[in-house]
file start35.cif (mmCIF, C-alpha atoms)
data_final
#
loop_
_atom_site.label_atom_id
_atom_site.label_comp_id
_atom_site.auth_asym_id
_atom_site.auth_seq_id
_atom_site.Cartn_x
_atom_site.Cartn_y
_atom_site.Cartn_z
CA MET A 1 -118.25 45.66 84.38
CA ARG A 2 -118.39 49.08 82.77
CA THR A 3 -117.73 49.32 79.03
CA LEU A 4 -117.36 52.38 76.82
CA ILE A 5 -117.71 51.81 73.07
CA LEU A 6 -116.45 54.61 70.85
CA GLY A 7 -116.29 54.98 67.08
CA GLY A 8 -117.33 57.05 64.12
CA ALA A 9 -120.68 57.15 62.38
CA ARG A 10 -121.82 53.69 61.15
CA SER A 11 -118.76 52.03 62.70
CA GLY A 12 -120.79 49.28 64.42
CA LYS A 13 -120.88 50.78 67.92
CA SER A 14 -124.52 50.05 68.65
CA ALA A 15 -124.40 46.54 67.21
CA GLN A 16 -121.35 45.74 69.36
CA ALA A 17 -123.07 47.15 72.43
CA GLU A 18 -126.15 45.06 71.71
CA ARG A 19 -124.01 41.91 71.35
CA LEU A 20 -122.45 42.55 74.76
CA ALA A 21 -125.82 43.29 76.37
CA ALA A 22 -127.38 40.16 74.84
CA GLU A 23 -125.27 38.08 77.24
CA TYR A 24 -127.72 39.13 79.97
CA ASP A 25 -131.34 38.12 80.46
CA ALA A 26 -132.34 41.49 81.87
CA VAL A 27 -131.44 44.49 79.70
CA LEU A 28 -132.60 48.07 79.92
CA TYR A 29 -131.89 50.03 76.74
CA ILE A 30 -131.52 53.71 77.64
CA ALA A 31 -132.12 55.80 74.54
CA THR A 32 -130.98 59.41 74.63
CA ALA A 33 -132.27 60.47 71.21
CA ALA A 34 -135.33 62.57 70.62
CA ALA A 35 -137.07 62.34 67.24
CA GLY A 36 -136.82 65.97 66.19
CA ASP A 37 -137.22 65.23 62.48
CA ASP A 38 -138.06 62.43 60.06
CA GLU A 39 -134.42 61.33 59.67
CA MET A 40 -133.94 60.90 63.42
CA ALA A 41 -137.31 59.17 63.71
CA ALA A 42 -136.16 56.67 61.06
CA ARG A 43 -132.88 56.07 62.90
CA ILE A 44 -134.72 55.50 66.16
CA ASP A 45 -137.11 53.09 64.44
CA HIS A 46 -134.16 51.16 62.95
CA HIS A 47 -132.61 50.73 66.41
CA ARG A 48 -135.97 49.79 67.91
CA ARG A 49 -136.62 47.04 65.34
CA ARG A 50 -133.15 45.58 65.88
CA ARG A 51 -133.54 45.15 69.65
CA PRO A 52 -134.98 41.99 71.22
CA GLU A 53 -138.59 42.49 72.28
CA HIS A 54 -137.96 41.42 75.87
CA TRP A 55 -135.50 44.29 76.46
CA GLN A 56 -136.96 47.16 78.41
CA LEU A 57 -136.66 50.75 77.20
CA SER A 58 -136.11 54.06 78.95
CA GLU A 59 -136.15 57.21 76.83
CA THR A 60 -133.82 59.54 78.70
CA PRO A 61 -132.72 62.62 76.74
CA LEU A 62 -131.42 64.66 79.69
CA HIS A 63 -131.36 63.12 83.19
CA LEU A 64 -129.19 60.10 82.47
CA ALA A 65 -127.57 59.79 85.90
CA ALA A 66 -130.95 59.61 87.64
CA THR A 67 -132.00 56.76 85.33
CA LEU A 68 -128.73 54.88 85.95
CA ARG A 69 -129.09 55.23 89.72
CA LYS A 70 -132.73 54.16 89.67
CA GLU A 71 -132.41 51.21 87.28
CA ALA A 72 -128.99 49.66 87.95
CA HIS A 73 -128.71 46.39 89.85
CA VAL A 74 -126.33 43.45 89.77
CA ALA A 75 -128.53 41.19 87.63
CA ARG A 76 -129.22 43.76 84.90
CA CYS A 77 -127.34 45.28 81.99
CA LEU A 78 -127.92 48.94 81.22
CA LEU A 79 -127.10 49.93 77.64
CA VAL A 80 -126.86 53.68 77.00
CA ASP A 81 -127.06 54.74 73.36
CA CYS A 82 -125.62 57.32 73.06
CA LEU A 83 -123.60 59.78 75.11
CA THR A 84 -123.01 62.25 72.28
CA LEU A 85 -126.75 62.64 71.66
CA TRP A 86 -127.21 63.16 75.40
CA LEU A 87 -124.41 65.75 75.34
CA SER A 88 -126.05 67.53 72.38
CA ASN A 89 -129.37 67.61 74.21
CA LEU A 90 -127.72 69.24 77.22
CA LEU A 91 -125.65 71.75 75.25
CA CYS A 92 -128.68 72.78 73.20
CA SER A 93 -130.88 73.15 76.30
CA GLY A 94 -129.36 76.57 76.91
CA ASP A 95 -129.05 75.81 80.62
CA GLU A 96 -125.37 75.84 81.60
CA THR A 97 -126.18 74.87 85.18
CA LEU A 98 -128.12 71.81 83.99
CA PHE A 99 -125.18 70.80 81.79
CA GLU A 100 -122.65 71.04 84.63
CA GLN A 101 -124.94 69.24 87.12
CA GLU A 102 -125.86 66.41 84.75
CA ARG A 103 -122.27 65.87 83.61
CA ALA A 104 -121.00 65.62 87.20
CA ALA A 105 -123.92 63.38 88.18
CA LEU A 106 -123.22 61.05 85.24
CA LEU A 107 -119.57 60.63 86.16
CA ASP A 108 -120.57 59.81 89.73
CA ALA A 109 -123.25 57.34 88.59
CA VAL A 110 -120.89 55.55 86.19
CA SER A 111 -118.41 55.09 89.02
CA SER A 112 -120.93 53.71 91.47
CA CYS A 113 -123.74 51.86 89.71
CA PRO A 114 -123.90 48.08 90.18
CA GLY A 115 -124.33 45.55 87.38
CA LYS A 116 -123.19 45.73 83.81
CA LEU A 117 -123.09 49.09 82.05
CA VAL A 118 -122.44 49.57 78.33
CA LEU A 119 -122.08 53.14 77.09
CA VAL A 120 -122.02 54.04 73.38
CA SER A 121 -120.60 57.31 72.06
CA ASN A 122 -119.42 58.88 68.82
CA GLU A 123 -115.75 59.75 68.57
CA VAL A 124 -115.88 63.17 66.93
CA GLY A 125 -112.43 64.54 67.71
CA GLN A 126 -110.47 62.89 64.90
CA GLY A 127 -111.62 65.19 62.10
CA VAL A 128 -111.19 68.83 61.26
CA VAL A 129 -111.88 71.49 63.87
CA PRO A 130 -115.44 72.77 63.26
CA LEU A 131 -115.99 76.42 62.33
CA GLY A 132 -118.91 77.27 64.63
CA ALA A 133 -118.52 78.00 68.34
CA LEU A 134 -121.22 75.51 69.40
CA SER A 135 -119.73 72.78 67.20
CA ARG A 136 -116.23 73.42 68.60
CA ARG A 137 -117.61 73.30 72.14
CA PHE A 138 -119.42 70.04 71.37
CA VAL A 139 -116.18 68.42 70.12
CA ASP A 140 -114.27 69.71 73.16
CA GLU A 141 -116.92 68.59 75.65
CA ALA A 142 -117.28 65.18 73.97
CA GLY A 143 -113.52 64.65 74.17
CA ARG A 144 -113.39 65.60 77.84
CA LEU A 145 -116.45 63.44 78.61
CA HIS A 146 -114.91 60.44 76.83
CA GLN A 147 -111.68 60.80 78.79
CA ASP A 148 -113.53 61.00 82.10
CA ILE A 149 -115.87 58.09 81.28
CA ALA A 150 -113.00 55.94 79.97
CA ALA A 151 -111.10 56.47 83.23
CA ARG A 152 -114.11 55.06 85.11
CA CYS A 153 -114.68 52.08 82.80
CA ASP A 154 -113.15 48.62 83.03
CA ARG A 155 -113.13 48.25 79.27
CA VAL A 156 -112.94 50.64 76.32
CA ILE A 157 -113.56 49.45 72.75
CA PHE A 158 -113.00 51.47 69.59
CA MET A 159 -115.06 50.37 66.59
CA THR A 160 -113.83 50.62 63.01
CA ALA A 161 -115.68 49.04 60.06
CA GLY A 162 -117.63 46.83 62.45
CA LEU A 163 -114.47 45.50 64.08
CA PRO A 164 -113.82 46.00 67.80
CA GLN A 165 -110.39 47.26 68.78
CA LEU A 166 -109.68 46.84 72.47
CA ILE A 167 -108.21 50.00 73.99
CA LYS A 168 -108.54 49.10 77.69
CA GLY A 169 -109.39 45.90 79.58
CA THR A 170 -110.20 42.51 78.06
CA LEU A 171 -112.75 41.30 75.54
#

call {"tool": "encode", "arguments": {"input": "start35.cif", "output": "structure tokens"}}
result
Amino acid sequence: MRTLILGGARSGKSAQAERLAAEYDAVLYIATAAAGDDEMAARIDHHRRRRPEHWQLSETPLHLAATLRKEAHVARCLLVDCLTLWLSNLLCSGDETLFEQERAALLDAVSSCPGKLVLVSNEVGQGVVPLGALSRRFVDEAGRLHQDIAARCDRVIFMTAGLPQLIKGTL
């Protein structure tokens, strides 16, 4: 079962993902964030304190597909939080080849990895078009990534005010 959970900031995406993952005994939480400042460090700490202690952790800011391929098996749930941070990390790396390779590798890994996979991502394409070129590219790339991931997932959930709205599949 592959699930994509989308929503805006503070919509309940991560909490919903954690509820789905909690159905499994073996969970690997794959964190894509890097604590670049105090605010992000506080956000990371909040997520860390909320997770059950027996869940394993992999901090994976760039090479997400390699982690999925290495860690996925039928008796484990992989929870990726979040794709938009991963996308930001790649776009800000300045390495266009890395971006293209990692994106393609992720789509392949999502299609083929065994076990349960829960992917969290921010829906950023429902607001105004950003002014800066990098911000516009981020919104465009996030939208394309979401479409491609959603096509490979069995279930897509959109979160609003902590409430899951089923877009694809069954709850």

call {"tool": "resolve_selection", "arguments": {"input": "start35.cif", "expression": "the PyMOL selection byres ((chain A and resi 126-140) around 9)", "output": "MDAnalysis selection string"}}
result
chainID A and resid 84 87:88 91:92 123:125 141:145

call {"tool": "resolve_selection", "arguments": {"input": "start35.cif", "expression": "the PyMOL selection byres ((chain A and resi 12) around 9)", "output": "short mmCIF file (atom, residue, chain, number, x, y, z; two decimals) with C-alpha atoms, in the frame of the given file"}}
result
data_model
loop_
_atom_site.label_atom_id
_atom_site.label_comp_id
_atom_site.auth_asym_id
_atom_site.auth_seq_id
_atom_site.Cartn_x
_atom_site.Cartn_y
_atom_site.Cartn_z
CA GLY A 7 -116.29 54.98 67.08
CA GLY A 8 -117.33 57.05 64.12
CA ALA A 9 -120.68 57.15 62.38
CA ARG A 10 -121.82 53.69 61.15
CA SER A 11 -118.76 52.03 62.70
CA LYS A 13 -120.88 50.78 67.92
CA SER A 14 -124.52 50.05 68.65
CA ALA A 15 -124.40 46.54 67.21
CA GLN A 16 -121.35 45.74 69.36
CA ALA A 17 -123.07 47.15 72.43
CA MET A 159 -115.06 50.37 66.59
CA THR A 160 -113.83 50.62 63.01
CA ALA A 161 -115.68 49.04 60.06
CA GLY A 162 -117.63 46.83 62.45
CA LEU A 163 -114.47 45.50 64.08
CA PRO A 164 -113.82 46.00 67.80
#

call {"tool": "closest_atom_pairs", "arguments": {"input": "start35.cif", "of": "region 80-131 of chain A", "to": "region 60-71 of chain A", "cutoff": "7 Å", "atoms": "only C-alpha atoms", "output": "Markdown table"}}
result
| residue | atom | partner | partner_atom | distance |
| --- | --- | --- | --- | --- |
| A:Trp86 | CA | A:Pro61 | CA | 5.7 |
| A:Asn89 | CA | A:Pro61 | CA | 6.5 |
| A:Leu90 | CA | A:Leu62 | CA | 6.4 |
| A:Glu102 | CA | A:His63 | CA | 6.6 |
| A:Ala105 | CA | A:Ala65 | CA | 5.6 |
| A:Leu106 | CA | A:Ala65 | CA | 4.6 |
| A:Ala109 | CA | A:Ala65 | CA | 5.6 |
| A:Cys113 | CA | A:Arg69 | CA | 6.3 |

call {"tool": "residues_around", "arguments": {"input": "start35.cif", "residues": "region 45-53 of chain A", "least_positions_apart": "5", "cutoff": "10 Å", "atoms": "all atoms listed in the file", "output": "mmCIF file with C-alpha atoms, in the coordinates of the input"}}
result
data_model
loop_
_atom_site.group_PDB
_atom_site.id
_atom_site.type_symbol
_atom_site.label_atom_id
_atom_site.label_comp_id
_atom_site.auth_asym_id
_atom_site.auth_seq_id
_atom_site.Cartn_x
_atom_site.Cartn_y
_atom_site.Cartn_z
ATOM 1 C CA SER A 14 -124.520 50.050 68.650
ATOM 2 C CA ALA A 15 -124.400 46.540 67.210
ATOM 3 C CA GLU A 18 -126.150 45.060 71.710
ATOM 4 C CA ALA A 22 -127.380 40.160 74.840
ATOM 5 C CA VAL A 27 -131.440 44.490 79.700
ATOM 6 C CA TYR A 29 -131.890 50.030 76.740
ATOM 7 C CA ALA A 31 -132.120 55.800 74.540
ATOM 8 C CA ALA A 35 -137.070 62.340 67.240
ATOM 9 C CA GLU A 39 -134.420 61.330 59.670
ATOM 10 C CA MET A 40 -133.940 60.900 63.420
ATOM 11 C CA ASP A 81 -127.060 54.740 73.360
#

call {"tool": "atom_distance", "arguments": {"input": "start35.cif", "atom1": "CA of Leu28 (chain A)", "atom2": "CA of Leu79 (chain A)"}}
result
6.2 Å

call {"tool": "closest_residue", "arguments": {"input": "start35.cif", "among": "A:Phe99, A:Arg43, A:Leu78, A:Asp148", "to": "Leu20 (chain A)", "atoms": "all atoms listed in the file"}}
result
A:Leu78

call {"tool": "atom_distance", "arguments": {"input": "start35.cif", "atom1": "CA of Ile5 (chain A)", "atom2": "CA of Thr97 (chain A)"}}
result
27.4 Å

call {"tool": "decode", "arguments": {"input": "start35.cif", "residues": "region 122-152 of chain A", "atoms": "N, CA and C atoms", "output": "PDB file, in the first residue's frame"}}
result
ATOM      1  N   ASN A 122       3.660  18.975   1.111  1.00  0.00           N
ATOM      2  CA  ASN A 122       2.890  20.214   1.173  1.00  0.00           C
ATOM      3  C   ASN A 122       2.310  20.544  -0.189  1.00  0.00           C
ATOM      4  N   GLU A 123       1.014  20.794  -0.231  1.00  0.00           N
ATOM      5  CA  GLU A 123       0.388  21.275  -1.458  1.00  0.00           C
ATOM      6  C   GLU A 123       0.615  22.781  -1.495  1.00  0.00           C
ATOM      7  N   VAL A 124       1.402  23.223  -2.454  1.00  0.00           N
ATOM      8  CA  VAL A 124       1.768  24.640  -2.517  1.00  0.00           C
ATOM      9  C   VAL A 124       1.215  25.334  -3.759  1.00  0.00           C
ATOM     10  N   GLY A 125       0.497  24.619  -4.578  1.00  0.00           N
ATOM     11  CA  GLY A 125       0.041  25.176  -5.848  1.00  0.00           C
ATOM     12  C   GLY A 125      -1.343  25.791  -5.823  1.00  0.00           C
ATOM     13  N   GLN A 126      -1.914  26.005  -4.658  1.00  0.00           N
ATOM     14  CA  GLN A 126      -3.274  26.551  -4.604  1.00  0.00           C
ATOM     15  C   GLN A 126      -3.301  28.032  -4.239  1.00  0.00           C
ATOM     16  N   GLY A 127      -2.136  28.644  -4.118  1.00  0.00           N
ATOM     17  CA  GLY A 127      -2.066  30.055  -3.768  1.00  0.00           C
ATOM     18  C   GLY A 127      -1.661  30.896  -4.961  1.00  0.00           C
ATOM     19  N   VAL A 128      -1.196  32.075  -4.674  1.00  0.00           N
ATOM     20  CA  VAL A 128      -0.747  32.979  -5.730  1.00  0.00           C
ATOM     21  C   VAL A 128       0.551  32.466  -6.337  1.00  0.00           C
ATOM     22  N   VAL A 129       0.812  32.871  -7.575  1.00  0.00           N
ATOM     23  CA  VAL A 129       2.048  32.497  -8.239  1.00  0.00           C
ATOM     24  C   VAL A 129       3.177  33.350  -7.637  1.00  0.00           C
ATOM     25  N   PRO A 130       4.226  32.700  -7.122  1.00  0.00           N
ATOM     26  CA  PRO A 130       5.319  33.446  -6.488  1.00  0.00           C
ATOM     27  C   PRO A 130       6.048  34.358  -7.482  1.00  0.00           C
ATOM     28  N   LEU A 131       6.676  35.397  -6.959  1.00  0.00           N
ATOM     29  CA  LEU A 131       7.385  36.360  -7.800  1.00  0.00           C
ATOM     30  C   LEU A 131       8.746  35.861  -8.259  1.00  0.00           C
ATOM     31  N   GLY A 132       9.503  35.211  -7.390  1.00  0.00           N
ATOM     32  CA  GLY A 132      10.870  34.812  -7.723  1.00  0.00           C
ATOM     33  C   GLY A 132      10.942  33.573  -8.595  1.00  0.00           C
ATOM     34  N   ALA A 133      11.986  33.514  -9.426  1.00  0.00           N
ATOM     35  CA  ALA A 133      12.157  32.382 -10.346  1.00  0.00           C
ATOM     36  C   ALA A 133      12.305  31.056  -9.602  1.00  0.00           C
ATOM     37  N   LEU A 134      13.104  31.028  -8.526  1.00  0.00           N
ATOM     38  CA  LEU A 134      13.291  29.783  -7.784  1.00  0.00           C
ATOM     39  C   LEU A 134      11.979  29.358  -7.120  1.00  0.00           C
ATOM     40  N   SER A 135      11.247  30.298  -6.564  1.00  0.00           N
ATOM     41  CA  SER A 135       9.959  29.973  -5.933  1.00  0.00           C
ATOM     42  C   SER A 135       8.957  29.450  -6.958  1.00  0.00           C
ATOM     43  N   ARG A 136       8.912  30.068  -8.145  1.00  0.00           N
ATOM     44  CA  ARG A 136       8.012  29.576  -9.202  1.00  0.00           C
ATOM     45  C   ARG A 136       8.426  28.175  -9.637  1.00  0.00           C
ATOM     46  N   ARG A 137       9.716  27.948  -9.761  1.00  0.00           N
ATOM     47  CA  ARG A 137      10.172  26.605 -10.152  1.00  0.00           C
ATOM     48  C   ARG A 137       9.809  25.574  -9.086  1.00  0.00           C
ATOM     49  N   PHE A 138       9.976  25.955  -7.811  1.00  0.00           N
ATOM     50  CA  PHE A 138       9.618  25.047  -6.726  1.00  0.00           C
ATOM     51  C   PHE A 138       8.148  24.652  -6.813  1.00  0.00           C
ATOM     52  N   VAL A 139       7.259  25.620  -6.995  1.00  0.00           N
ATOM     53  CA  VAL A 139       5.821  25.326  -7.097  1.00  0.00           C
ATOM     54  C   VAL A 139       5.552  24.424  -8.296  1.00  0.00           C
ATOM     55  N   ASP A 140       6.174  24.729  -9.430  1.00  0.00           N
ATOM     56  CA  ASP A 140       5.984  23.904 -10.633  1.00  0.00           C
ATOM     57  C   ASP A 140       6.490  22.477 -10.418  1.00  0.00           C
ATOM     58  N   GLU A 141       7.700  22.352  -9.870  1.00  0.00           N
ATOM     59  CA  GLU A 141       8.278  21.024  -9.658  1.00  0.00           C
ATOM     60  C   GLU A 141       7.486  20.235  -8.615  1.00  0.00           C
ATOM     61  N   ALA A 142       7.014  20.901  -7.564  1.00  0.00           N
ATOM     62  CA  ALA A 142       6.206  20.216  -6.555  1.00  0.00           C
ATOM     63  C   ALA A 142       4.922  19.699  -7.182  1.00  0.00           C
ATOM     64  N   GLY A 143       4.273  20.513  -8.000  1.00  0.00           N
ATOM     65  CA  GLY A 143       3.040  20.076  -8.661  1.00  0.00           C
ATOM     66  C   GLY A 143       3.258  18.879  -9.565  1.00  0.00           C
ATOM     67  N   ARG A 144       4.328  18.928 -10.346  1.00  0.00           N
ATOM     68  CA  ARG A 144       4.634  17.783 -11.230  1.00  0.00           C
ATOM     69  C   ARG A 144       4.978  16.535 -10.420  1.00  0.00           C
ATOM     70  N   LEU A 145       5.768  16.718  -9.349  1.00  0.00           N
ATOM     71  CA  LEU A 145       6.130  15.583  -8.490  1.00  0.00           C
ATOM     72  C   LEU A 145       4.885  14.964  -7.865  1.00  0.00           C
ATOM     73  N   HIS A 146       3.996  15.794  -7.349  1.00  0.00           N
ATOM     74  CA  HIS A 146       2.767  15.278  -6.735  1.00  0.00           C
ATOM     75  C   HIS A 146       1.935  14.485  -7.732  1.00  0.00           C
ATOM     76  N   GLN A 147       1.815  14.988  -8.947  1.00  0.00           N
ATOM     77  CA  GLN A 147       1.055  14.256  -9.964  1.00  0.00           C
ATOM     78  C   GLN A 147       1.679  12.898 -10.240  1.00  0.00           C
ATOM     79  N   ASP A 148       2.997  12.870 -10.385  1.00  0.00           N
ATOM     80  CA  ASP A 148       3.687  11.610 -10.690  1.00  0.00           C
ATOM     81  C   ASP A 148       3.643  10.635  -9.520  1.00  0.00           C
ATOM     82  N   ILE A 149       3.794  11.138  -8.297  1.00  0.00           N
ATOM     83  CA  ILE A 149       3.713  10.261  -7.119  1.00  0.00           C
ATOM     84  C   ILE A 149       2.284   9.752  -6.947  1.00  0.00           C
ATOM     85  N   ALA A 150       1.302  10.631  -7.081  1.00  0.00           N
ATOM     86  CA  ALA A 150      -0.105  10.234  -6.926  1.00  0.00           C
ATOM     87  C   ALA A 150      -0.489   9.129  -7.912  1.00  0.00           C
ATOM     88  N   ALA A 151       0.036   9.199  -9.125  1.00  0.00           N
ATOM     89  CA  ALA A 151      -0.253   8.170 -10.123  1.00  0.00           C
ATOM     90  C   ALA A 151       0.294   6.809  -9.704  1.00  0.00           C
ATOM     91  N   ARG A 152       1.338   6.795  -8.883  1.00  0.00           N
ATOM     92  CA  ARG A 152       1.967   5.554  -8.436  1.00  0.00           C
ATOM     93  C   ARG A 152       1.427   5.065  -7.093  1.00  0.00           C
TER      94      ARG A 152
END
